[in-house]
Each structure stands twice: as structure tokens, then as C-alpha cells.
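One structure below.
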Amino acid sequence: MRVTTGRAKGRILRSVPSDVTRPITGRVKQAVFNILADDVKDSAWLDLFAGTGAVGIEALSRGARSVTFIDQDAPAVKIIQDNLQTTRLEKGARVIRQNAFKYIGGYPNATYDFIYIAHPSTLAYGSEALLAIDNTPSWLAEQGAIIVQIHPREFHELDLKKLELVDQRRYGSTMLCFYEHKQEKPQD
């Protein structure tokens, strides 16, 4: 696993030696950042269930202002810290060892331009995280986006009040679902 572009291009990232992460493939990571393009520069990210930190590190490499990495697994947190040191991208990075649901279940201490959700086991937990943010949408900046990484079989519509699905992309056995704040419908 490598950083694909930016200041840390080509740096090799260490993996978490267990099945507690859902690693992102290079192809999918490249697709995410091609879709977001210039919006990454100077943005603030929340990388939930961060695993190796590959997504947040890619964002920092491409000019993101800050990334908050959340993972409750001690080996994953250590790998994120090691990967940040290897890529020399510690500035702007905040690594928190905490249950992601507890973190987003609290009062928002920041607003993020992008929130990346890739729970290692099933969409049920990704859906739970999305619903928690829907209940407290101030986690997401007004023009921000939430990106959920799942297996296509896991997808199902959610009863969201403040957020809406705006795009889906499939890359083999990975689906990316993009959510934004619901737009007000113009009155006739």
C-alpha cells in the first residue's frame, strides 16, 4: 500500500496485522481522490475506523489542512502513528484511540469537509455511523461530503433526515457512497 500522489507520493504504508481493518485498494483510493480533485486542498477530514490511516494520509499528502483519525484498536493507532511518521505528515494530523460511535455521539468539537467511513466488518456499523451524523449534522461542513466504503451487497437505503445519497460508484467488490446535506427544495 502506497501514497499515490502529493508530498508523500510513493511512500509505503504499513498494514495492520489482523482482520480489524477494511483496507482500501490503490484503485479505489485513487478514484476517491480523483472524484474530490481540488476540493481536498485546505480541507478538514474525519477518518472514522481509520485502520492504517491510508485515506487520511493520502488527503494530507494532497494538501488537506487537517485529518482526525479515529480508531479504537491499539495496533491500528500505532500503525497510523508510524505511517504518519514515515510519510512526514504528522503536522495537521490528530490520532485518537476511541470508539468511533462514542466520538461522533458526542457534541461536535469540529466541523469536517469530508468524513470517511469504512467500518471493517459490515455496513450495519457504517449505517449506524451515518445515522449518528444525520442526528448531529454539524459534524459535516455545509458543502461537505461523507464517503462510505462498503461491499456492494451491503448497500441499502437509509431513512436519513438531514443527509442524502448523492452519488454511488462501484469498483469491483467495493462501493463508494457519497452523502451530503439535503438541499432545500424550491417552493412553487
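In the C-alpha cells, chains take letters A, B, ... by order of appearance, with residues numbered from 1 within each chain and ligands from 1 in the order shown.
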
- Query: If you count only C-alpha atoms, which residues fall within 8 Å of A:Thr5, apart from same-chain ones fewer than 2 positions away, as number ranges by chain?
  - Reply: A: 3, 7-10, 58, 61-62

- Tell me which protein, DNA and RNA residues are within 10 Å of stretch 161-165 of chain A, counting only C-alpha atoms, leaving out same-chain ones fewer than 3 positions away, and put them as number ranges by chain. A: 130-131, 133-137, 140, 145-147, 157-158, 168, 177-183

- Those in chain A with alpha helix (DSSP H) from DSSP, as a ChimeraX atom specification: /A:26-36,54-61,74-87,100-105,123-135

- Could you please write out, as an NGL selection string, every residue of stretch 20-175 of chain A that DSSP assigns to strand (DSSP E or B)? :A and (44-48 or 66-71 or 93-97 or 112-117 or 140-150 or 163-171 or 174-175)

Quick one: write out the picked residues with N, CA and C atoms as a CSV table (one decimal), in the first residue's frame?
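That gives us again-v8.csv:
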chain,number,residue,atom,x,y,z
A,44,ALA,N,-10.6,19.8,5.8
A,44,ALA,CA,-10.5,19.2,7.1
A,44,ALA,C,-11.3,17.8,7.0
A,45,TRP,N,-10.6,16.7,7.5
A,45,TRP,CA,-11.1,15.4,7.3
A,45,TRP,C,-11.3,14.7,8.6
A,46,LEU,N,-12.3,13.8,8.7
A,46,LEU,CA,-12.5,12.9,9.8
A,46,LEU,C,-12.5,11.5,9.2
A,47,ASP,N,-11.5,10.7,9.6
A,47,ASP,CA,-11.3,9.4,9.1
A,47,ASP,C,-11.7,8.4,10.2
A,48,LEU,N,-13.0,8.0,10.1
A,48,LEU,CA,-13.6,7.1,11.1
A,48,LEU,C,-13.2,5.7,10.8
A,66,SER,N,-6.1,19.4,7.7
A,66,SER,CA,-6.1,18.6,8.9
A,66,SER,C,-6.8,17.3,8.6
A,67,VAL,N,-6.4,16.3,9.4
A,67,VAL,CA,-7.1,15.0,9.4
A,67,VAL,C,-7.2,14.5,10.9
A,68,THR,N,-8.4,14.1,11.3
A,68,THR,CA,-8.6,13.5,12.6
A,68,THR,C,-8.8,12.0,12.4
A,69,PHE,N,-7.9,11.2,12.9
A,69,PHE,CA,-8.0,9.7,12.7
A,69,PHE,C,-8.6,9.1,13.9
A,70,ILE,N,-9.7,8.3,13.8
A,70,ILE,CA,-10.3,7.7,14.9
A,70,ILE,C,-10.3,6.2,14.7
A,71,ASP,N,-9.7,5.5,15.7
A,71,ASP,CA,-9.8,4.0,15.7
A,71,ASP,C,-9.6,3.6,17.2
A,93,ALA,N,-2.2,16.3,11.6
A,93,ALA,CA,-2.8,15.0,12.0
A,93,ALA,C,-3.1,14.9,13.5
A,94,ARG,N,-4.2,14.4,13.8
A,94,ARG,CA,-4.6,14.1,15.2
A,94,ARG,C,-5.1,12.7,15.2
A,95,VAL,N,-4.5,11.9,16.0
A,95,VAL,CA,-4.8,10.4,16.1
A,95,VAL,C,-5.5,10.2,17.5
A,96,ILE,N,-6.7,9.7,17.5
A,96,ILE,CA,-7.4,9.5,18.7
A,96,ILE,C,-7.8,8.0,18.8
A,97,ARG,N,-7.4,7.4,19.9
A,97,ARG,CA,-7.8,6.0,20.2
A,97,ARG,C,-9.1,6.1,20.9
A,112,TYR,N,-16.2,19.1,9.7
A,112,TYR,CA,-15.3,18.5,8.7
A,112,TYR,C,-15.8,18.7,7.3
A,113,ASP,N,-14.9,18.9,6.4
A,113,ASP,CA,-15.3,19.0,5.0
A,113,ASP,C,-15.6,17.6,4.4
A,114,PHE,N,-14.8,16.6,4.9
A,114,PHE,CA,-15.0,15.2,4.4
A,114,PHE,C,-14.9,14.3,5.6
A,115,ILE,N,-15.9,13.4,5.6
A,115,ILE,CA,-15.9,12.3,6.6
A,115,ILE,C,-15.9,11.0,5.9
A,116,TYR,N,-14.8,10.2,6.2
A,116,TYR,CA,-14.7,8.9,5.5
A,116,TYR,C,-15.0,7.8,6.5
A,117,ILE,N,-15.9,6.9,6.1
A,117,ILE,CA,-16.4,5.8,6.9
A,117,ILE,C,-16.1,4.5,6.2
A,140,LEU,N,-20.6,17.8,9.8
A,140,LEU,CA,-20.2,18.0,8.4
A,140,LEU,C,-20.4,19.4,8.0
A,141,ALA,N,-19.4,20.0,7.3
A,141,ALA,CA,-19.5,21.3,6.8
A,141,ALA,C,-20.6,21.5,5.8
A,142,GLU,N,-21.1,22.7,5.7
A,142,GLU,CA,-22.3,22.9,4.8
A,142,GLU,C,-22.1,22.3,3.4
A,143,GLN,N,-20.9,22.5,2.8
A,143,GLN,CA,-20.7,22.0,1.5
A,143,GLN,C,-19.8,20.7,1.5
A,144,GLY,N,-19.9,20.0,2.6
A,144,GLY,CA,-19.0,18.8,2.8
A,144,GLY,C,-19.7,17.6,2.3
A,145,ALA,N,-18.9,16.5,2.4
A,145,ALA,CA,-19.4,15.2,1.9
A,145,ALA,C,-18.9,14.1,2.8
A,146,ILE,N,-19.8,13.1,3.0
A,146,ILE,CA,-19.5,11.8,3.7
A,146,ILE,C,-19.3,10.8,2.7
A,147,ILE,N,-18.2,10.0,2.8
A,147,ILE,CA,-17.9,8.9,1.8
A,147,ILE,C,-17.9,7.6,2.6
A,148,VAL,N,-18.8,6.7,2.2
A,148,VAL,CA,-18.9,5.4,2.9
A,148,VAL,C,-18.4,4.3,2.0
A,149,GLN,N,-17.4,3.6,2.5
A,149,GLN,CA,-16.8,2.5,1.7
A,149,GLN,C,-17.5,1.2,2.2
A,150,ILE,N,-18.1,0.4,1.3
A,150,ILE,CA,-18.8,-0.8,1.6
A,150,ILE,C,-18.6,-1.8,0.5
A,163,LEU,N,-29.3,14.3,5.7
A,163,LEU,CA,-28.3,13.9,4.7
A,163,LEU,C,-29.0,13.2,3.6
A,164,GLU,N,-28.4,13.2,2.4
A,164,GLU,CA,-29.0,12.4,1.3
A,164,GLU,C,-27.8,11.8,0.5
A,165,LEU,N,-28.1,10.7,-0.1
A,165,LEU,CA,-27.2,10.0,-1.0
A,165,LEU,C,-27.2,10.8,-2.3
A,166,VAL,N,-26.0,11.2,-2.8
A,166,VAL,CA,-25.9,12.0,-4.0
A,166,VAL,C,-25.1,11.3,-5.1
A,167,ASP,N,-24.4,10.2,-4.8
A,167,ASP,CA,-23.6,9.5,-5.8
A,167,ASP,C,-23.2,8.1,-5.2
A,168,GLN,N,-23.1,7.2,-6.1
A,168,GLN,CA,-22.5,5.9,-5.8
A,168,GLN,C,-21.6,5.5,-6.9
A,169,ARG,N,-20.5,4.9,-6.6
A,169,ARG,CA,-19.5,4.4,-7.6
A,169,ARG,C,-19.1,3.0,-7.1
A,170,ARG,N,-19.0,2.1,-8.1
A,170,ARG,CA,-18.6,0.7,-7.8
A,170,ARG,C,-17.3,0.4,-8.5
A,171,TYR,N,-16.4,-0.2,-7.7
A,171,TYR,CA,-15.1,-0.6,-8.2
A,171,TYR,C,-14.9,-2.1,-7.7
A,174,THR,N,-15.9,-3.2,-4.2
A,174,THR,CA,-16.0,-2.0,-3.3
A,174,THR,C,-17.0,-1.0,-3.9
A,175,MET,N,-17.9,-0.5,-3.0
A,175,MET,CA,-18.8,0.6,-3.4
A,175,MET,C,-18.5,1.8,-2.6
